[in-house]
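Asker: One file is attached below, input_17.csv, containing CSV, C-alpha atoms.
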```
chain,number,residue,atom,x,y,z
A,25,MET,CA,13.6,-12.4,-24.5
A,26,PRO,CA,11.9,-9.3,-23.1
A,27,ASP,CA,13.4,-5.8,-23.6
A,28,THR,CA,12.9,-4.8,-20.0
A,29,LYS,CA,15.6,-5.5,-17.5
A,30,ARG,CA,13.5,-5.0,-14.3
A,31,SER,CA,13.4,-7.8,-11.8
A,32,GLY,CA,11.0,-8.7,-9.0
A,33,VAL,CA,11.2,-10.8,-5.8
A,34,TYR,CA,8.4,-12.1,-3.6
A,35,GLY,CA,9.6,-12.8,0.0
A,36,THR,CA,13.1,-13.5,1.2
A,37,PRO,CA,14.6,-16.8,0.2
A,38,SER,CA,17.4,-18.1,2.3
A,39,ALA,CA,20.9,-17.4,1.2
A,40,GLY,CA,22.3,-20.2,-1.0
A,41,LEU,CA,18.9,-21.2,-2.4
A,42,ALA,CA,18.2,-18.4,-4.8
A,43,GLU,CA,19.3,-14.8,-4.9
A,44,ALA,CA,17.4,-11.8,-6.4
A,45,PRO,CA,19.3,-8.9,-8.0
A,46,LYS,CA,19.9,-6.1,-5.6
A,47,GLU,CA,17.7,-3.8,-7.6
A,48,ALA,CA,14.8,-6.2,-7.7
A,49,ILE,CA,11.4,-4.8,-6.6
A,50,GLN,CA,10.1,-6.5,-3.4
A,51,PHE,CA,6.5,-7.5,-3.6
A,52,SER,CA,5.8,-9.5,-0.4
A,53,PRO,CA,2.7,-8.3,1.4
A,54,LEU,CA,4.5,-9.3,4.7
A,55,ILE,CA,7.2,-6.7,4.2
A,56,PRO,CA,5.8,-3.2,4.9
A,57,GLY,CA,6.6,-0.8,2.2
A,58,SER,CA,6.7,-3.4,-0.5
A,59,ALA,CA,5.2,-2.8,-3.9
A,60,LYS,CA,1.8,-4.4,-4.7
A,61,LEU,CA,2.2,-7.3,-7.1
A,62,GLU,CA,-1.5,-6.9,-8.1
A,63,GLU,CA,-0.7,-3.4,-9.4
A,64,GLN,CA,2.5,-4.2,-11.3
A,65,GLU,CA,2.1,-3.7,-15.0
A,66,CYS,CA,1.5,-6.8,-17.1
A,67,SER,CA,4.5,-8.1,-19.0
A,68,SER,CA,6.8,-5.5,-17.4
A,69,LEU,CA,9.4,-7.7,-15.7
A,70,ALA,CA,12.3,-9.7,-17.1
A,71,ASP,CA,12.6,-12.1,-14.2
A,72,MET,CA,10.8,-12.9,-11.0
A,73,LEU,CA,11.9,-14.9,-7.9
A,74,VAL,CA,9.1,-16.2,-5.7
A,75,LEU,CA,9.4,-17.8,-2.2
A,76,ALA,CA,6.1,-19.5,-2.7
A,77,PRO,CA,3.5,-19.5,0.2
A,78,PRO,CA,2.5,-22.8,1.8
A,79,GLY,CA,-1.3,-22.5,1.1
A,80,THR,CA,-2.4,-23.9,-2.2
A,81,VAL,CA,-4.8,-21.2,-3.1
A,82,GLU,CA,-2.4,-18.4,-2.0
A,83,ARG,CA,0.5,-20.1,-3.8
A,84,ARG,CA,-1.3,-20.5,-7.1
A,85,TYR,CA,-2.6,-16.9,-6.9
A,86,THR,CA,1.0,-15.6,-6.3
A,87,ILE,CA,2.5,-17.6,-9.1
A,88,ALA,CA,-0.3,-16.5,-11.4
A,89,LEU,CA,0.4,-12.8,-10.5
A,90,ALA,CA,4.1,-13.4,-11.1
A,91,LEU,CA,3.5,-14.9,-14.5
A,92,ARG,CA,1.2,-12.1,-15.4
A,93,THR,CA,3.9,-9.5,-14.7
A,94,LEU,CA,6.6,-11.3,-16.7
A,95,ALA,CA,7.2,-10.5,-20.4
A,96,THR,CA,6.9,-13.5,-22.7
A,97,GLY,CA,10.1,-15.5,-22.2
A,98,GLY,CA,10.8,-13.9,-18.9
A,99,ARG,CA,12.3,-16.2,-16.3
A,100,LEU,CA,10.4,-17.3,-13.2
A,101,THR,CA,12.1,-19.0,-10.2
A,102,ALA,CA,9.7,-20.4,-7.6
A,103,LEU,CA,10.8,-22.3,-4.5
A,104,ALA,CA,9.5,-23.5,-1.2
A,105,PRO,CA,10.3,-26.2,1.4
A,106,LYS,CA,9.2,-29.6,0.2
A,107,ASP,CA,6.8,-30.1,3.1
A,108,LYS,CA,5.3,-26.6,2.7
A,109,GLY,CA,4.1,-26.7,-0.9
A,110,GLY,CA,7.5,-27.1,-2.7
A,111,SER,CA,6.7,-30.6,-3.9
A,112,ARG,CA,3.7,-29.2,-5.7
A,113,ILE,CA,5.1,-26.2,-7.5
A,114,ALA,CA,6.3,-28.0,-10.6
A,115,LYS,CA,2.9,-29.5,-11.2
A,116,GLU,CA,1.2,-26.2,-10.6
A,117,LEU,CA,3.5,-24.4,-13.1
A,118,LYS,CA,2.9,-27.0,-15.7
A,119,SER,CA,-0.9,-26.5,-15.2
A,120,PHE,CA,-0.2,-22.9,-16.3
A,121,GLY,CA,1.5,-24.2,-19.5
A,122,CYS,CA,5.1,-23.7,-18.3
A,123,ALA,CA,8.0,-26.0,-19.2
A,124,VAL,CA,9.7,-26.6,-15.9
A,125,SER,CA,13.2,-27.4,-14.7
A,126,GLU,CA,13.3,-28.6,-11.1
A,127,THR,CA,16.1,-29.1,-8.6
A,128,SER,CA,16.3,-29.9,-4.8
A,129,ARG,CA,18.5,-28.2,-2.3
A,130,ARG,CA,18.4,-28.1,1.5
A,131,HIS,CA,14.9,-29.6,1.8
A,132,HIS,CA,13.5,-27.1,-0.8
A,133,ARG,CA,12.2,-27.6,-4.3
A,134,ILE,CA,13.4,-24.9,-6.8
A,135,CYS,CA,11.6,-24.6,-10.1
A,136,THR,CA,12.5,-22.5,-13.0
A,137,CYS,CA,10.6,-21.8,-16.2
A,138,GLU,CA,10.1,-19.2,-18.9
A,139,ARG,CA,6.7,-17.4,-19.2
A,140,PRO,CA,4.9,-19.0,-22.1
A,141,PRO,CA,3.2,-16.7,-24.7
A,142,ASP,CA,-0.3,-17.5,-23.4
A,143,PRO,CA,-0.3,-19.1,-19.9
A,144,ASN,CA,-3.3,-21.2,-19.0
A,145,GLY,CA,-5.7,-20.5,-16.2
A,146,LEU,CA,-4.3,-17.3,-14.8
A,147,ASP,CA,-7.7,-15.6,-14.5
A,148,ALA,CA,-9.2,-18.5,-12.6
A,149,ALA,CA,-6.2,-18.7,-10.2
A,150,LEU,CA,-6.4,-14.9,-9.6
A,151,ALA,CA,-10.2,-15.0,-9.0
A,152,GLU,CA,-9.8,-17.9,-6.5
A,153,GLY,CA,-7.0,-16.3,-4.5
A,154,GLY,CA,-8.2,-12.7,-4.4
A,155,PRO,CA,-10.3,-10.8,-1.8
A,156,ARG,CA,-13.7,-12.2,-1.0
A,157,LEU,CA,-16.6,-11.7,1.3
A,158,ALA,CA,-16.7,-14.6,3.8
A,159,GLU,CA,-20.4,-15.2,4.3
A,160,GLY,CA,-19.9,-17.1,7.5
A,161,LEU,CA,-17.9,-14.2,9.0
A,162,SER,CA,-19.7,-11.3,7.3
A,163,LEU,CA,-16.3,-9.9,6.7
A,164,TRP,CA,-14.0,-9.3,3.8
A,165,THR,CA,-11.0,-11.6,3.8
A,166,TRP,CA,-8.2,-12.8,1.6
A,167,PRO,CA,-6.6,-16.3,1.3
A,168,GLY,CA,-3.2,-16.2,3.0
A,169,VAL,CA,-4.1,-13.8,5.9
A,170,PHE,CA,-4.3,-15.3,9.4
A,171,SER,CA,-7.4,-17.4,9.9
A,172,TRP,CA,-8.8,-16.1,6.6
A,173,ASN,CA,-11.7,-18.5,6.3
A,174,ARG,CA,-12.6,-19.2,9.9
A,175,LEU,CA,-12.9,-17.7,13.3
A,176,ASP,CA,-9.7,-18.3,15.2
A,177,PRO,CA,-10.6,-20.0,18.5
A,178,GLY,CA,-8.1,-17.9,20.4
A,179,SER,CA,-9.6,-14.6,19.1
A,180,VAL,CA,-13.1,-15.9,19.9
A,181,LEU,CA,-12.1,-16.7,23.5
A,182,LEU,CA,-10.5,-13.3,23.9
A,183,GLU,CA,-13.6,-11.5,22.5
A,184,GLN,CA,-15.8,-13.4,24.9
A,185,ASN,CA,-13.7,-12.2,27.9
A,186,LEU,CA,-13.0,-8.6,26.9
A,187,PRO,CA,-14.6,-6.0,29.1
A,188,SER,CA,-16.0,-2.8,27.7
A,189,LEU,CA,-12.9,-0.8,27.0
A,190,SER,CA,-12.4,2.9,27.1
A,191,GLY,CA,-10.0,5.6,26.0
A,192,ARG,CA,-7.3,5.3,23.4
A,193,GLY,CA,-5.9,1.9,22.5
A,194,ALA,CA,-4.5,-0.5,20.0
A,195,ASP,CA,-5.1,-3.8,18.4
A,196,PHE,CA,-1.7,-5.4,17.7
A,197,GLY,CA,-1.9,-7.9,14.9
A,198,CYS,CA,-5.4,-6.8,13.9
A,199,GLY,CA,-5.9,-9.2,11.0
A,200,ILE,CA,-9.1,-8.5,9.1
A,201,GLY,CA,-10.6,-6.7,12.1
A,202,ILE,CA,-12.4,-9.4,14.1
A,203,LEU,CA,-11.3,-8.2,17.5
A,204,ALA,CA,-11.4,-4.5,16.5
A,205,ARG,CA,-15.1,-4.9,15.7
A,206,ALA,CA,-15.7,-6.1,19.3
A,207,ILE,CA,-13.5,-3.3,20.8
A,208,LEU,CA,-15.2,-0.6,18.9
A,209,ALA,CA,-18.6,-1.8,20.1
A,210,SER,CA,-17.8,0.2,23.3
A,211,PRO,CA,-18.8,3.9,22.8
A,212,LYS,CA,-16.2,4.8,25.4
A,213,VAL,CA,-13.3,3.9,23.0
A,214,GLU,CA,-12.0,7.1,21.7
A,215,HIS,CA,-9.4,5.9,19.2
A,216,LEU,CA,-8.1,2.5,18.1
A,217,ALA,CA,-4.8,2.0,16.3
A,218,MET,CA,-5.0,-1.2,14.3
A,219,VAL,CA,-1.6,-2.6,13.3
A,220,ASP,CA,-0.7,-5.6,11.2
A,221,VAL,CA,2.4,-6.8,9.2
A,222,ASP,CA,0.2,-8.2,6.4
A,223,ARG,CA,-0.9,-5.7,3.8
A,224,ARG,CA,-3.7,-7.9,2.7
A,225,ALA,CA,-5.1,-8.0,6.2
A,226,VAL,CA,-4.8,-4.3,6.5
A,227,GLU,CA,-6.7,-3.8,3.3
A,228,MET,CA,-9.5,-6.1,4.4
A,229,ALA,CA,-9.6,-4.5,7.8
A,230,ALA,CA,-10.1,-1.2,6.1
A,231,ARG,CA,-13.1,-2.7,4.3
A,232,ASN,CA,-14.5,-4.3,7.4
A,233,ILE,CA,-14.1,-1.5,9.9
A,234,ASP,CA,-16.0,1.6,8.9
A,235,ASP,CA,-15.5,3.7,12.0
A,236,PRO,CA,-13.8,7.1,12.3
A,237,ARG,CA,-12.2,6.1,15.6
A,238,ALA,CA,-10.1,3.4,13.8
A,239,GLU,CA,-6.6,4.1,12.4
A,240,ILE,CA,-5.3,1.2,10.4
A,241,ARG,CA,-1.5,0.8,9.8
A,242,TRP,CA,0.6,-1.6,7.7
A,243,ALA,CA,3.7,-2.0,10.0
A,244,ASP,CA,5.9,-4.6,11.6
A,245,ILE,CA,5.2,-4.3,15.4
A,246,ARG,CA,8.6,-5.8,16.2
A,247,ALA,CA,10.2,-2.6,14.7
A,248,GLY,CA,8.3,-0.4,17.1
A,249,THR,CA,4.9,1.3,16.8
A,250,GLY,CA,5.6,4.9,18.0
A,251,LEU,CA,2.5,4.6,20.2
A,252,LYS,CA,2.6,6.1,23.7
A,253,GLY,CA,0.2,6.7,26.6
A,254,LEU,CA,-2.4,4.1,25.5
A,255,ASP,CA,-5.2,3.1,27.9
A,256,PHE,CA,-5.3,-0.4,26.5
A,257,VAL,CA,-3.7,-2.9,24.1
A,258,VAL,CA,-5.5,-6.0,22.8
A,259,MET,CA,-3.7,-8.8,21.0
A,260,ASN,CA,-3.6,-12.3,19.7
A,261,PRO,CA,0.1,-12.4,18.8
A,262,PRO,CA,1.6,-14.7,16.2
A,263,PHE,CA,3.9,-17.4,17.2
A,264,HIS,CA,4.9,-18.8,13.8
A,265,ASP,CA,7.4,-17.3,11.3
A,266,GLY,CA,7.6,-19.0,8.0
A,267,GLY,CA,5.7,-22.0,9.4
A,268,ALA,CA,8.2,-22.6,12.3
A,269,GLU,CA,7.3,-21.8,15.9
A,270,ASP,CA,9.0,-18.6,17.0
A,271,GLN,CA,8.1,-17.5,20.6
A,272,SER,CA,10.1,-14.3,20.2
A,273,LEU,CA,7.3,-12.9,18.0
A,274,GLY,CA,4.8,-12.9,20.9
A,275,GLN,CA,7.5,-11.7,23.3
A,276,SER,CA,8.2,-8.8,21.0
A,277,PHE,CA,4.5,-7.9,20.9
A,278,ILE,CA,4.4,-7.9,24.7
A,279,ARG,CA,7.4,-5.6,25.0
A,280,GLN,CA,5.9,-3.2,22.4
A,281,ALA,CA,2.6,-3.2,24.3
A,282,ALA,CA,4.3,-2.4,27.6
A,283,GLU,CA,6.1,0.5,26.0
A,284,ALA,CA,2.9,1.9,24.4
A,285,LEU,CA,0.8,1.7,27.6
A,286,ARG,CA,0.5,4.5,30.1
A,287,PRO,CA,0.9,3.7,33.8
A,288,GLY,CA,-2.3,2.0,34.8
A,289,GLY,CA,-3.0,1.0,31.2
A,290,VAL,CA,-4.1,-2.6,30.5
A,291,LEU,CA,-3.0,-5.4,28.2
A,292,TRP,CA,-5.5,-8.1,27.1
A,293,LEU,CA,-3.7,-11.1,25.6
A,294,VAL,CA,-4.6,-14.5,24.3
A,295,ALA,CA,-2.0,-17.2,23.8
A,296,ASN,CA,-1.7,-20.9,23.2
A,297,ARG,CA,-1.6,-22.6,26.6
A,298,HIS,CA,2.0,-24.0,26.1
A,299,LEU,CA,3.6,-20.6,25.4
A,300,PRO,CA,5.5,-19.3,28.4
A,301,TYR,CA,4.7,-15.6,28.1
A,302,GLU,CA,4.5,-15.1,31.9
A,303,GLY,CA,8.3,-14.7,32.0
A,304,VAL,CA,8.0,-11.7,29.7
A,305,LEU,CA,4.8,-10.2,31.1
A,306,LYS,CA,5.7,-10.2,34.8
A,307,PRO,CA,8.9,-8.1,34.6
A,308,LEU,CA,7.2,-5.5,32.3
A,309,LEU,CA,3.8,-5.2,33.9
A,310,ARG,CA,3.0,-4.9,37.6
A,311,ARG,CA,-0.1,-7.1,37.8
A,312,VAL,CA,-0.6,-10.1,35.6
A,313,THR,CA,-3.9,-12.0,36.1
A,314,PRO,CA,-5.0,-15.2,34.2
A,315,LYS,CA,-8.6,-14.5,33.3
A,316,ALA,CA,-9.7,-17.6,31.3
A,317,GLU,CA,-8.5,-20.9,29.9
A,318,ALA,CA,-10.2,-23.1,27.4
A,319,ALA,CA,-9.7,-25.1,24.2
A,320,GLY,CA,-5.9,-24.9,24.5
A,321,TYR,CA,-5.8,-21.1,25.0
A,322,LYS,CA,-5.4,-18.8,27.9
A,323,ILE,CA,-6.3,-15.2,28.5
A,324,TYR,CA,-4.3,-12.6,30.5
A,325,GLU,CA,-5.1,-9.2,31.8
A,326,ALA,CA,-1.9,-7.3,32.7
A,327,LEU,CA,-1.8,-3.8,34.2
A,328,LYS,CA,1.2,-1.5,33.7
```
Step by step, read the file and then write its structure as structure tokens.

Answerer:
Amino acid sequence: MPDTKRSGVYGTPSAGLAEAPKEAIQFSPLIPGSAKLEEQECSSLADMLVLAPPGTVERRYTIALALRTLATGGRLTALAPKDKGGSRIAKELKSFGCAVSETSRRHHRICTCERPPDPNGLDAALAEGGPRLAEGLSLWTWPGVFSWNRLDPGSVLLEQNLPSLSGRGADFGCGIGILARAILASPKVEHLAMVDVDRRAVEMAARNIDDPRAEIRWADIRAGTGLKGLDFVVMNPPFHDGGAEDQSLGQSFIRQAAEALRPGGVLWLVANRHLPYEGVLKPLLRRVTPKAEAAGYKIYEALK
């Protein structure tokens, strides 16, 4: 067994499924302030707990990183809901040369193994799941971030309907910078705060947006932004958390936008047609105007 006693955890598995030591280093890119698993020293951890992502490329990449950080004989526990990649984890671990034990609990598959002396295929999985230049987008992207390999139709519709903005503003949930690129096309924009909860998106946005007016932050908007007196906020808010629909995410984005705007400031929002955001918009903003609707999405302009 390895000499080191350090532990790592990726994500926040539900209580009763698996529990990381209290001193474990958190590596999830979706938890601001977490350590970066890509930069963790090889063979430096004794054990690692991974709530595996649902996407195949992202999941294999994360597991490969976890195996790389473990000392030979170090213990890896990887789990996920059965219908979100959990049923494939054992096969994927075996492809890396691991001897796997597998159990099921509360609709999850939980796999444990020891890191073999010489895992198979780590470099290939890391290359496939790392940052890349998406030729179709002409932007840097990373498997696992929102709409990483395609233009999101909601963002496209919002971009098509955005006016030429001016003053100081923010892009909430900026992703890799698709909307920010359109916003900053206006020379009247003085400053743009770009905020996203995904470290990988923030890193790609920093590559994609080379503009001194842009300030890019890795932060959870739900916890507050500290932004005040803004002339505009633009957003395509998320409405899924861990794969399940969660309308409170978009509602929280709207509340934070209302708090950040100055009187007379404007919010531009795109949302899936079925999401009832009007009930949150109207009490917080004095004039809410539907501006467009297409392909299952709707655009709102809301003045404070």

Asker: From the set A:Ser38, A:Thr93, A:Ser276, A:Ser188, which residue has the shortest atom-to-atom contact distance to Arg129 (chain A), counting only C-alpha atoms?

Answerer: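 Between A:Ser38, A:Thr93, A:Ser276, A:Ser188, the residue approaching Arg129 (chain A) most closely is A:Ser38.
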
Asker: Mind dumping a table of every region 145-194 of chain A residue within 7 Å of region 201-218 of chain A, with the nearest atom pair and its distance in Å to one decimal, using only C-alpha atoms, sorted by chain and rising number, as JSON lines?

Answerer:
```
{"residue": "A:Ser179", "atom": "CA", "partner": "A:Leu203", "partner_atom": "CA", "distance": 6.8}
{"residue": "A:Glu183", "atom": "CA", "partner": "A:Leu203", "partner_atom": "CA", "distance": 6.4}
{"residue": "A:Ser188", "atom": "CA", "partner": "A:Ser210", "partner_atom": "CA", "distance": 5.6}
{"residue": "A:Leu189", "atom": "CA", "partner": "A:Val213", "partner_atom": "CA", "distance": 6.2}
{"residue": "A:Ser190", "atom": "CA", "partner": "A:Val213", "partner_atom": "CA", "distance": 4.3}
{"residue": "A:Gly191", "atom": "CA", "partner": "A:Val213", "partner_atom": "CA", "distance": 4.8}
{"residue": "A:Arg192", "atom": "CA", "partner": "A:His215", "partner_atom": "CA", "distance": 4.7}
{"residue": "A:Gly193", "atom": "CA", "partner": "A:Leu216", "partner_atom": "CA", "distance": 5.0}
{"residue": "A:Ala194", "atom": "CA", "partner": "A:Ala217", "partner_atom": "CA", "distance": 4.5}
```

Asker: When you look at Cys198 (chain A) with a cut-off of 10 Å (counting only C-alpha atoms), what residues show up, excluding the ones that are within fewer than 4 positions of it in the same chain? I need them as a ChimeraX atom specification.

Answerer: /A:170,194,202-204,217-222,225-226,229,240-241,258-261

Asker: For a test of reading the model, state the distance in Å between CA of Gly79 (chain A) and CA of Arg246 (chain A), rounded to one decimal.

Answerer: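 Going from CA of Gly79 (chain A) over to CA of Arg246 (chain A) covers 24.6 Å.
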
Asker: Please compute the CA of Ala44 (chain A)-CA of Ala149 (chain A) distance, one decimal, in Å.

Answerer: 24.9 Å

Asker: Hey, which of A:Ile113, A:Leu309, A:Ala282, A:Leu273 ends up closest to Val81 (chain A)? Count only C-alpha atoms.

Answerer: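 For Val81 (chain A), the nearest of the given residues is A:Ile113.
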
Asker: Let me make sure I understand: among A:Leu181, A:Ala48, A:Ala88, A:Ala284, which one has the smallest atom-to-atom distance to Ala319 (chain A) if we use all atoms listed in the file?

Answerer: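 Under the stated criterion, the closest residue is A:Leu181.
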
Asker: Calculated over only C-alpha atoms, which of the candidates A:Asn185, A:Gln271, A:Asn173, A:Thr136 has the smallest distance to Gly303 (chain A)?

Answerer: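 Comparing A:Asn185, A:Gln271, A:Asn173, A:Thr136 against Gly303 (chain A), the winner is A:Gln271.
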
Asker: CA of Ile278 (chain A) to CA of Gln50 (chain A): how many Å, to one decimal?

Answerer: 28.7 Å

Asker: In terms of the shortest atom-to-atom distance over all atoms listed in the file, which of A:Arg133, A:Cys122, A:Leu73, A:Gln64 is closest to Asp107 (chain A)?

Answerer: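 Closest residue, counting all atoms listed in the file: A:Arg133.
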
Asker: Using only C-alpha atoms, list the residues that have an atom at most 10 Å from (2.5, -13.0, -8.7), coordinates as in the file, as a PDB file with C-alpha atoms, keeping the file's coordinate frame.

Answerer:
```pdb
ATOM      1  CA  GLY A  32      11.000  -8.700  -9.000  1.00  0.00           C
ATOM      2  CA  VAL A  33      11.200 -10.800  -5.800  1.00  0.00           C
ATOM      3  CA  TYR A  34       8.400 -12.100  -3.600  1.00  0.00           C
ATOM      4  CA  PHE A  51       6.500  -7.500  -3.600  1.00  0.00           C
ATOM      5  CA  SER A  52       5.800  -9.500  -0.400  1.00  0.00           C
ATOM      6  CA  LYS A  60       1.800  -4.400  -4.700  1.00  0.00           C
ATOM      7  CA  LEU A  61       2.200  -7.300  -7.100  1.00  0.00           C
ATOM      8  CA  GLU A  62      -1.500  -6.900  -8.100  1.00  0.00           C
ATOM      9  CA  GLN A  64       2.500  -4.200 -11.300  1.00  0.00           C
ATOM     10  CA  MET A  72      10.800 -12.900 -11.000  1.00  0.00           C
ATOM     11  CA  LEU A  73      11.900 -14.900  -7.900  1.00  0.00           C
ATOM     12  CA  VAL A  74       9.100 -16.200  -5.700  1.00  0.00           C
ATOM     13  CA  ALA A  76       6.100 -19.500  -2.700  1.00  0.00           C
ATOM     14  CA  GLU A  82      -2.400 -18.400  -2.000  1.00  0.00           C
ATOM     15  CA  ARG A  83       0.500 -20.100  -3.800  1.00  0.00           C
ATOM     16  CA  ARG A  84      -1.300 -20.500  -7.100  1.00  0.00           C
ATOM     17  CA  TYR A  85      -2.600 -16.900  -6.900  1.00  0.00           C
ATOM     18  CA  THR A  86       1.000 -15.600  -6.300  1.00  0.00           C
ATOM     19  CA  ILE A  87       2.500 -17.600  -9.100  1.00  0.00           C
ATOM     20  CA  ALA A  88      -0.300 -16.500 -11.400  1.00  0.00           C
ATOM     21  CA  LEU A  89       0.400 -12.800 -10.500  1.00  0.00           C
ATOM     22  CA  ALA A  90       4.100 -13.400 -11.100  1.00  0.00           C
ATOM     23  CA  LEU A  91       3.500 -14.900 -14.500  1.00  0.00           C
ATOM     24  CA  ARG A  92       1.200 -12.100 -15.400  1.00  0.00           C
ATOM     25  CA  THR A  93       3.900  -9.500 -14.700  1.00  0.00           C
ATOM     26  CA  LEU A  94       6.600 -11.300 -16.700  1.00  0.00           C
ATOM     27  CA  LEU A 150      -6.400 -14.900  -9.600  1.00  0.00           C
TER      28      LEU A 150
END
```

Asker: Give me the residues within 12 Å of Glu325 (chain A) as a PyMOL selection string, counting all atoms listed in the file and dropping any in the same chain fewer than 5 places off.

Answerer: chain A and resi 182+185-187+256-259+278+288-295+302+305-306+309-316

Asker: Choose the residue, out of A:Pro300, A:Gly40, A:Gly57, A:Gly250, that has the smallest atom-to-atom separation from Arg223 (chain A); count all atoms listed in the file.

Answerer: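 Ranking A:Pro300, A:Gly40, A:Gly57, A:Gly250 by distance to Arg223 (chain A), first place goes to A:Gly57.
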
Asker: Show which residues sit within 12 Å of Leu161 (chain A), as a PyMOL selection string. Count only C-alpha atoms, and ignore same-chain residues fewer than 2 positions away.

Answerer: chain A and resi 156-159+163-165+171-176+200-202+205+232

Asker: Could you list, as a list in words, every residue within 7 Å of region 95-100 of chain A, counting all atoms listed in the file and ignoring same-chain residues fewer than 2 positions away?

Answerer: Met25, Pro26, Ser67, Ser68, Leu69, Ala70, Asp71, Met72, Leu73, Thr93, Ala102, Thr136, Cys137, Glu138, Arg139, Pro140 and Pro141 of chain A

Asker: Next, dump the selected residues to file, keeping only C-alpha atoms, as a PDB file, keeping the file's coordinate frame.

Answerer:
```
ATOM      1  CA  MET A  25      13.600 -12.400 -24.500  1.00  0.00           C
ATOM      2  CA  PRO A  26      11.900  -9.300 -23.100  1.00  0.00           C
ATOM      3  CA  SER A  67       4.500  -8.100 -19.000  1.00  0.00           C
ATOM      4  CA  SER A  68       6.800  -5.500 -17.400  1.00  0.00           C
ATOM      5  CA  LEU A  69       9.400  -7.700 -15.700  1.00  0.00           C
ATOM      6  CA  ALA A  70      12.300  -9.700 -17.100  1.00  0.00           C
ATOM      7  CA  ASP A  71      12.600 -12.100 -14.200  1.00  0.00           C
ATOM      8  CA  MET A  72      10.800 -12.900 -11.000  1.00  0.00           C
ATOM      9  CA  LEU A  73      11.900 -14.900  -7.900  1.00  0.00           C
ATOM     10  CA  THR A  93       3.900  -9.500 -14.700  1.00  0.00           C
ATOM     11  CA  ALA A 102       9.700 -20.400  -7.600  1.00  0.00           C
ATOM     12  CA  THR A 136      12.500 -22.500 -13.000  1.00  0.00           C
ATOM     13  CA  CYS A 137      10.600 -21.800 -16.200  1.00  0.00           C
ATOM     14  CA  GLU A 138      10.100 -19.200 -18.900  1.00  0.00           C
ATOM     15  CA  ARG A 139       6.700 -17.400 -19.200  1.00  0.00           C
ATOM     16  CA  PRO A 140       4.900 -19.000 -22.100  1.00  0.00           C
ATOM     17  CA  PRO A 141       3.200 -16.700 -24.700  1.00  0.00           C
TER      18      PRO A 141
END
```
